[in-house]
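Structure file model18.cif with mmCIF, C-alpha atoms:
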```cif
data_run
loop_
_atom_site.group_PDB
_atom_site.id
_atom_site.type_symbol
_atom_site.label_atom_id
_atom_site.label_comp_id
_atom_site.auth_asym_id
_atom_site.auth_seq_id
_atom_site.Cartn_x
_atom_site.Cartn_y
_atom_site.Cartn_z
ATOM 1 C CA MET A 1 -14.748 6.139 3.616
ATOM 2 C CA GLU A 2 -13.792 5.123 7.153
ATOM 3 C CA LYS A 3 -11.569 7.321 9.301
ATOM 4 C CA ASN A 4 -8.803 4.688 9.434
ATOM 5 C CA GLU A 5 -8.726 4.514 5.607
ATOM 6 C CA LYS A 6 -8.434 8.314 5.388
ATOM 7 C CA ILE A 7 -5.569 8.260 7.893
ATOM 8 C CA ARG A 8 -3.796 5.516 5.920
ATOM 9 C CA LEU A 9 -4.178 7.246 2.535
ATOM 10 C CA ARG A 10 -2.993 10.620 3.894
ATOM 11 C CA LYS A 11 0.049 8.919 5.416
ATOM 12 C CA CYS A 12 0.778 7.059 2.163
ATOM 13 C CA VAL A 13 0.813 10.340 0.256
ATOM 14 C CA ASN A 14 2.888 12.010 2.982
ATOM 15 C CA ILE A 15 5.544 9.263 3.095
ATOM 16 C CA ALA A 16 5.683 9.317 -0.728
ATOM 17 C CA ASN A 17 6.465 13.049 -0.720
ATOM 18 C CA VAL A 18 4.338 13.602 -3.840
ATOM 19 C CA LYS A 19 5.316 16.578 -5.987
ATOM 20 C CA PRO A 20 3.416 18.251 -8.852
ATOM 21 C CA LYS A 21 3.898 16.722 -12.319
ATOM 22 C CA GLU A 22 5.086 13.364 -10.965
ATOM 23 C CA LYS A 23 3.855 10.212 -12.711
ATOM 24 C CA ILE A 24 1.825 8.117 -10.285
ATOM 25 C CA LEU A 25 0.832 4.455 -10.686
ATOM 26 C CA ASP A 26 -1.818 3.124 -8.296
ATOM 27 C CA LEU A 27 -1.942 -0.690 -8.340
ATOM 28 C CA GLY A 28 -5.112 -2.288 -7.005
ATOM 29 C CA CYS A 29 -6.819 1.100 -6.967
ATOM 30 C CA GLY A 30 -10.400 -0.198 -6.953
ATOM 31 C CA SER A 31 -13.209 1.212 -9.038
ATOM 32 C CA ASP A 32 -13.530 4.442 -7.053
ATOM 33 C CA LYS A 33 -9.757 5.184 -6.906
ATOM 34 C CA PRO A 34 -9.806 6.713 -3.385
ATOM 35 C CA LEU A 35 -6.068 7.512 -3.357
ATOM 36 C CA LYS A 36 -6.525 9.921 -6.276
ATOM 37 C CA ASN A 37 -8.536 12.252 -4.005
ATOM 38 C CA PHE A 38 -5.533 12.664 -1.680
ATOM 39 C CA LEU A 39 -2.911 13.407 -4.353
ATOM 40 C CA GLY A 40 -3.918 16.961 -5.213
ATOM 41 C CA ASN A 41 -3.758 18.585 -8.611
ATOM 42 C CA GLY A 42 -0.942 18.470 -11.109
ATOM 43 C CA VAL A 43 0.046 14.803 -10.913
ATOM 44 C CA ASP A 44 -0.151 12.352 -13.809
ATOM 45 C CA TYR A 45 -2.278 9.549 -12.281
ATOM 46 C CA THR A 46 -2.796 6.020 -13.651
ATOM 47 C CA GLY A 47 -4.914 3.478 -11.783
ATOM 48 C CA ILE A 48 -4.728 -0.259 -12.517
ATOM 49 C CA ASP A 49 -7.127 -2.849 -11.100
ATOM 50 C CA LYS A 50 -8.849 -6.082 -12.061
ATOM 51 C CA VAL A 51 -12.160 -4.190 -12.142
ATOM 52 C CA PHE A 52 -10.778 -2.507 -15.283
ATOM 53 C CA GLY A 53 -9.702 -5.856 -16.774
ATOM 54 C CA ASP A 54 -6.081 -5.807 -15.576
ATOM 55 C CA ASP A 55 -4.951 -9.078 -13.961
ATOM 56 C CA LEU A 56 -1.916 -8.038 -11.915
ATOM 57 C CA GLU A 57 -1.391 -11.650 -10.847
ATOM 58 C CA ARG A 58 0.051 -12.115 -14.340
ATOM 59 C CA GLY A 59 2.337 -9.112 -13.936
ATOM 60 C CA LEU A 60 2.141 -5.530 -15.078
ATOM 61 C CA PRO A 61 0.148 -4.867 -18.265
ATOM 62 C CA SER A 62 2.365 -4.443 -21.339
ATOM 63 C CA HIS A 63 1.297 -0.813 -21.906
ATOM 64 C CA ILE A 64 2.483 0.041 -18.357
ATOM 65 C CA GLN A 65 5.861 -1.688 -18.790
ATOM 66 C CA LYS A 66 6.905 0.991 -21.297
ATOM 67 C CA ILE A 67 6.438 3.935 -18.892
ATOM 68 C CA LYS A 68 8.648 5.182 -16.049
ATOM 69 C CA PHE A 69 6.806 6.188 -12.882
ATOM 70 C CA ASP A 70 7.973 8.419 -10.034
ATOM 71 C CA ILE A 71 5.710 6.814 -7.432
ATOM 72 C CA ILE A 72 3.986 3.431 -7.399
ATOM 73 C CA PHE A 73 1.344 2.884 -4.731
ATOM 74 C CA MET A 74 0.125 -0.499 -3.499
ATOM 75 C CA ASP A 75 -2.413 0.353 -0.812
ATOM 76 C CA GLU A 76 -3.462 -2.810 1.035
ATOM 77 C CA PHE A 77 -2.959 -4.766 -2.159
ATOM 78 C CA ILE A 78 0.264 -6.812 -2.113
ATOM 79 C CA GLU A 79 -1.113 -9.294 0.445
ATOM 80 C CA HIS A 80 -3.710 -10.346 -2.171
ATOM 81 C CA ILE A 81 -1.122 -11.261 -4.848
ATOM 82 C CA GLU A 82 0.339 -14.761 -5.016
ATOM 83 C CA HIS A 83 3.308 -13.756 -7.209
ATOM 84 C CA PHE A 84 4.158 -10.622 -5.215
ATOM 85 C CA LYS A 85 7.928 -10.907 -5.831
ATOM 86 C CA THR A 86 7.464 -10.889 -9.625
ATOM 87 C CA LEU A 87 5.098 -7.926 -9.362
ATOM 88 C CA LEU A 88 7.491 -5.963 -7.126
ATOM 89 C CA MET A 89 10.426 -6.641 -9.479
ATOM 90 C CA GLY A 90 8.290 -5.413 -12.375
ATOM 91 C CA CYS A 91 7.552 -2.264 -10.376
ATOM 92 C CA ARG A 92 11.259 -1.744 -9.729
ATOM 93 C CA ASP A 93 11.916 -1.957 -13.467
ATOM 94 C CA ILE A 94 9.437 0.828 -14.297
ATOM 95 C CA LEU A 95 10.506 3.069 -11.431
ATOM 96 C CA SER A 96 12.259 6.312 -12.340
ATOM 97 C CA LYS A 97 15.793 6.902 -11.038
ATOM 98 C CA LYS A 98 14.603 8.687 -7.855
ATOM 99 C CA GLY A 99 11.280 6.836 -7.745
ATOM 100 C CA ARG A 100 9.493 5.436 -4.707
ATOM 101 C CA ILE A 101 7.240 2.448 -4.127
ATOM 102 C CA ILE A 102 4.730 2.911 -1.322
ATOM 103 C CA ILE A 103 3.283 -0.280 0.125
ATOM 104 C CA SER A 104 0.720 -0.362 2.897
ATOM 105 C CA THR A 105 -0.238 -3.734 4.300
ATOM 106 C CA PRO A 106 -2.116 -4.949 7.371
ATOM 107 C CA SER A 107 0.075 -5.237 10.442
ATOM 108 C CA ASN A 108 0.809 -8.530 12.117
ATOM 109 C CA ASN A 109 -1.619 -7.580 14.909
ATOM 110 C CA ARG A 110 -4.501 -7.152 12.502
ATOM 111 C CA ILE A 111 -3.660 -10.405 10.704
ATOM 112 C CA LEU A 112 -3.462 -12.431 13.913
ATOM 113 C CA TYR A 113 -6.342 -10.960 15.868
ATOM 114 C CA GLY A 114 -8.668 -9.433 13.279
ATOM 115 C CA ASP A 115 -11.576 -7.534 14.739
ATOM 116 C CA LEU A 116 -12.004 -9.437 18.006
ATOM 117 C CA PHE A 117 -14.695 -7.165 19.327
ATOM 118 C CA ASN A 118 -17.060 -7.859 16.434
ATOM 119 C CA GLY A 119 -16.035 -11.480 15.913
ATOM 120 C CA ILE A 120 -14.823 -10.816 12.375
ATOM 121 C CA GLY A 121 -11.480 -12.254 11.313
ATOM 122 C CA GLU A 122 -9.050 -10.936 8.747
ATOM 123 C CA ASP A 123 -10.013 -10.776 5.077
ATOM 124 C CA PRO A 124 -9.976 -14.327 3.643
ATOM 125 C CA THR A 125 -8.632 -13.011 0.307
ATOM 126 C CA HIS A 126 -5.284 -12.242 1.959
ATOM 127 C CA ILE A 127 -2.765 -14.756 0.640
ATOM 128 C CA HIS A 128 0.295 -13.454 2.508
ATOM 129 C CA CYS A 129 1.123 -11.754 5.776
ATOM 130 C CA PHE A 130 3.943 -9.236 5.519
ATOM 131 C CA ARG A 131 5.728 -8.710 8.801
ATOM 132 C CA LYS A 132 8.522 -6.140 8.954
ATOM 133 C CA THR A 133 11.204 -8.826 8.531
ATOM 134 C CA ASN A 134 9.384 -10.332 5.515
ATOM 135 C CA MET A 135 9.191 -6.911 3.873
ATOM 136 C CA ARG A 136 12.884 -6.192 4.555
ATOM 137 C CA ASN A 137 13.843 -9.520 2.958
ATOM 138 C CA LEU A 138 11.535 -8.963 -0.011
ATOM 139 C CA ALA A 139 12.998 -5.487 -0.589
ATOM 140 C CA ARG A 140 16.558 -6.867 -0.441
ATOM 141 C CA ILE A 141 15.750 -9.694 -2.891
ATOM 142 C CA CYS A 142 14.245 -7.153 -5.320
ATOM 143 C CA ASN A 143 17.280 -4.818 -5.031
ATOM 144 C CA LEU A 144 15.249 -2.230 -3.162
ATOM 145 C CA LYS A 145 15.694 -0.673 0.262
ATOM 146 C CA ILE A 146 13.152 0.435 2.831
ATOM 147 C CA SER A 147 13.885 4.118 3.332
ATOM 148 C CA LYS A 148 10.911 4.855 5.624
ATOM 149 C CA MET A 149 8.358 2.919 7.615
ATOM 150 C CA THR A 150 5.438 4.148 9.697
ATOM 151 C CA GLY A 151 2.263 2.961 11.362
ATOM 152 C CA THR A 152 -1.187 4.215 10.478
ATOM 153 C CA CYS A 153 -3.690 4.164 13.323
ATOM 154 C CA ILE A 154 -4.830 2.260 16.365
ATOM 155 C CA ARG A 155 -8.502 1.291 16.512
ATOM 156 C CA PHE A 156 -10.327 1.056 19.785
ATOM 157 C CA PRO A 157 -13.558 -0.868 20.305
ATOM 158 C CA PRO A 158 -16.869 0.920 20.371
ATOM 159 C CA LEU A 159 -17.446 2.650 23.654
ATOM 160 C CA LEU A 160 -20.175 4.880 22.347
ATOM 161 C CA ARG A 161 -21.355 2.702 19.409
ATOM 162 C CA ARG A 162 -18.498 3.835 17.142
ATOM 163 C CA TRP A 163 -14.988 2.629 16.484
ATOM 164 C CA THR A 164 -12.375 5.218 17.327
ATOM 165 C CA ALA A 165 -9.288 5.427 15.131
ATOM 166 C CA ILE A 166 -6.350 7.376 16.501
ATOM 167 C CA SER A 167 -3.451 8.236 14.210
ATOM 168 C CA THR A 168 -0.040 6.949 15.252
ATOM 169 C CA ASN A 169 3.458 6.637 13.800
ATOM 170 C CA GLN A 170 4.457 3.631 15.897
ATOM 171 C CA THR A 171 4.381 0.202 14.238
ATOM 172 C CA ILE A 172 3.833 -2.121 17.209
ATOM 173 C CA TYR A 173 0.042 -1.983 17.649
ATOM 174 C CA THR A 174 -0.897 -0.194 14.470
ATOM 175 C CA GLU A 175 -3.627 -1.375 12.103
ATOM 176 C CA ALA A 176 -1.392 -1.183 9.001
ATOM 177 C CA ILE A 177 2.240 -0.461 8.208
ATOM 178 C CA ILE A 178 3.362 1.771 5.359
ATOM 179 C CA TYR A 179 6.740 1.125 3.710
ATOM 180 C CA ARG A 180 8.611 3.440 1.363
ATOM 181 C CA LEU A 181 10.942 1.468 -0.921
ATOM 182 C CA GLU A 182 13.572 2.923 -3.210
ATOM 183 C CA LYS A 183 16.207 1.552 -5.580
ATOM 184 C CA GLU A 184 19.494 0.611 -3.937
#
```
Reformat the file's structure so that it appears as structure tokens.
Amino acid sequence: MEKNEKIRLRKCVNIANVKPKEKILDLGCGSDKPLKNFLGNGVDYTGIDKVFGDDLERGLPSHIQKIKFDIIFMDEFIEHIEHFKTLLMGCRDILSKKGRIIISTPSNNRILYGDLFNGIGEDPTHIHCFRKTNMRNLARICNLKISKMTGTCIRFPPLLRRWTAISTNQTIYTEAIIYRLEKE
């Protein structure tokens, strides 16, 4: 796992304010479920991903729609979903009264410039770019509010054959932005 991914996952868990015994839903978790390693013991974790046969483009699986979750994570996932508004509204519906939705998504800088130093552009599977204003509007439309927002890290080009990732809370030049959404 790269340093910038570790920084992002730690910050996601921190902004979520995870407590023991909370019900966690991790959408787009991937086969190795890296977020689970940062949650600690005592949480009730459920991971959903297409690698397990769940097509989130069609909405939340029916067995998930019957459960209330305290925290729903979407770590660098929402930009891959065409029907993101429908998915986010479904998440709102299964959120507990004091629940939180944590969304991390590539920043505008990363979308526009990619990895200029290695000549690699942004991931071609990204369908949408979520700028801060887009996310504010999406939250409002879904009857949610952004209660917190933070940056993840700034990456510098290789000076000594390695990328250097430095943690930051600012959102101007950051690699990704993390949003905490709550019910209005």
Near segment 5-14 of chain A, 10 Å: segment 37-105 of chain A residue rows, closest pairs, all atoms listed in the file, as a Markdown table:
```
| residue | atom | partner | partner_atom | distance |
| --- | --- | --- | --- | --- |
| A:Asn37 | CA | A:Leu9 | CA | 9.3 |
| A:Phe38 | CA | A:Arg10 | CA | 6.5 |
| A:Leu39 | CA | A:Val13 | CA | 6.7 |
| A:Gly40 | CA | A:Val13 | CA | 9.8 |
| A:Ile71 | CA | A:Val13 | CA | 9.8 |
| A:Phe73 | CA | A:Cys12 | CA | 8.1 |
| A:Met74 | CA | A:Cys12 | CA | 9.5 |
| A:Asp75 | CA | A:Leu9 | CA | 7.9 |
| A:Glu76 | CA | A:Arg8 | CA | 9.7 |
| A:Ile102 | CA | A:Cys12 | CA | 6.7 |
| A:Ile103 | CA | A:Cys12 | CA | 8.0 |
| A:Ser104 | CA | A:Cys12 | CA | 7.5 |
```
- Item | Selection dump of the PyMOL selection byres ((chain A and resi 143) around 9), as JSON, numbers by chain | {"A": [89, 92, 138, 139, 140, 141, 142, 144, 145, 182, 183, 184]}
- Query: What residues come out when you apply the PyMOL selection byres ((chain A and resi 87) around 12) to this file, written as a PyMOL selection string?
  - Reply: chain A and resi 27-28+55-61+65+72+74+77-86+88-94+101+138+142
How big is the axis-aligned box, and where does its centre sit, when it encloses all atoms of segment 66-75 of chain A listed in the file and has 8 Å added on every side, reported in Å to one decimal as lines of an AutoDock Vina configuration file?
```
center_x = 3.1
center_y = 4.0
center_z = -11.1
size_x = 27.1
size_y = 24.9
size_z = 36.5
```
The PyMOL selection byres ((chain A and resi 165) around 10) on the file shown: which residues, as a compact mmCIF listing (two decimals) with C-alpha atoms, keeping the file's coordinate frame?
```txt
# COMPACT_ATOMS: atom_id res chain seq x y z
CA GLU A 2 -13.79 5.12 7.15
CA LYS A 3 -11.57 7.32 9.30
CA ASN A 4 -8.80 4.69 9.43
CA GLU A 5 -8.73 4.51 5.61
CA ILE A 7 -5.57 8.26 7.89
CA THR A 152 -1.19 4.22 10.48
CA CYS A 153 -3.69 4.16 13.32
CA ILE A 154 -4.83 2.26 16.36
CA ARG A 155 -8.50 1.29 16.51
CA PHE A 156 -10.33 1.06 19.78
CA PRO A 157 -13.56 -0.87 20.30
CA ARG A 162 -18.50 3.84 17.14
CA TRP A 163 -14.99 2.63 16.48
CA THR A 164 -12.38 5.22 17.33
CA ILE A 166 -6.35 7.38 16.50
CA SER A 167 -3.45 8.24 14.21
CA THR A 168 -0.04 6.95 15.25
CA GLU A 175 -3.63 -1.38 12.10
```
- Could you tell me how far atom CA of Ile48 of chain A lies from atom CA of Asn137 of chain A, in Å and to one decimal?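 Spanning atom CA of Ile48 of chain A to atom CA of Asn137 of chain A is a straight-line distance of 25.9 Å.
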- Message: Just the number, please: distance in Å from atom CA of Cys129 of chain A to atom CA of Val18 of chain A, one decimal.
- Response: 27.3 Å
- Message: Between atom CA of Ile24 of chain A and atom CA of Thr105 of chain A, what is the distance in Å, rounded to a tenth?
- Response: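 Rounded to one decimal, the two atoms are 18.9 Å apart.
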- Between A:Thr150, A:His128, A:Lys23, A:Ile64, which one has atoms that come closest to Tyr173 of chain A, using all atoms listed in the file?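 When distances to Tyr173 of chain A are compared using all atoms listed in the file, the smallest one comes from A:Thr150.
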- Query: Which of these, A:Ala176, A:Ser96, A:Lys132, A:Asp26, has the shortest distance to Ile67 of chain A once you count only C-alpha atoms?
  - Reply: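 The shortest atom-to-atom distance to Ile67 of chain A comes from A:Ser96.
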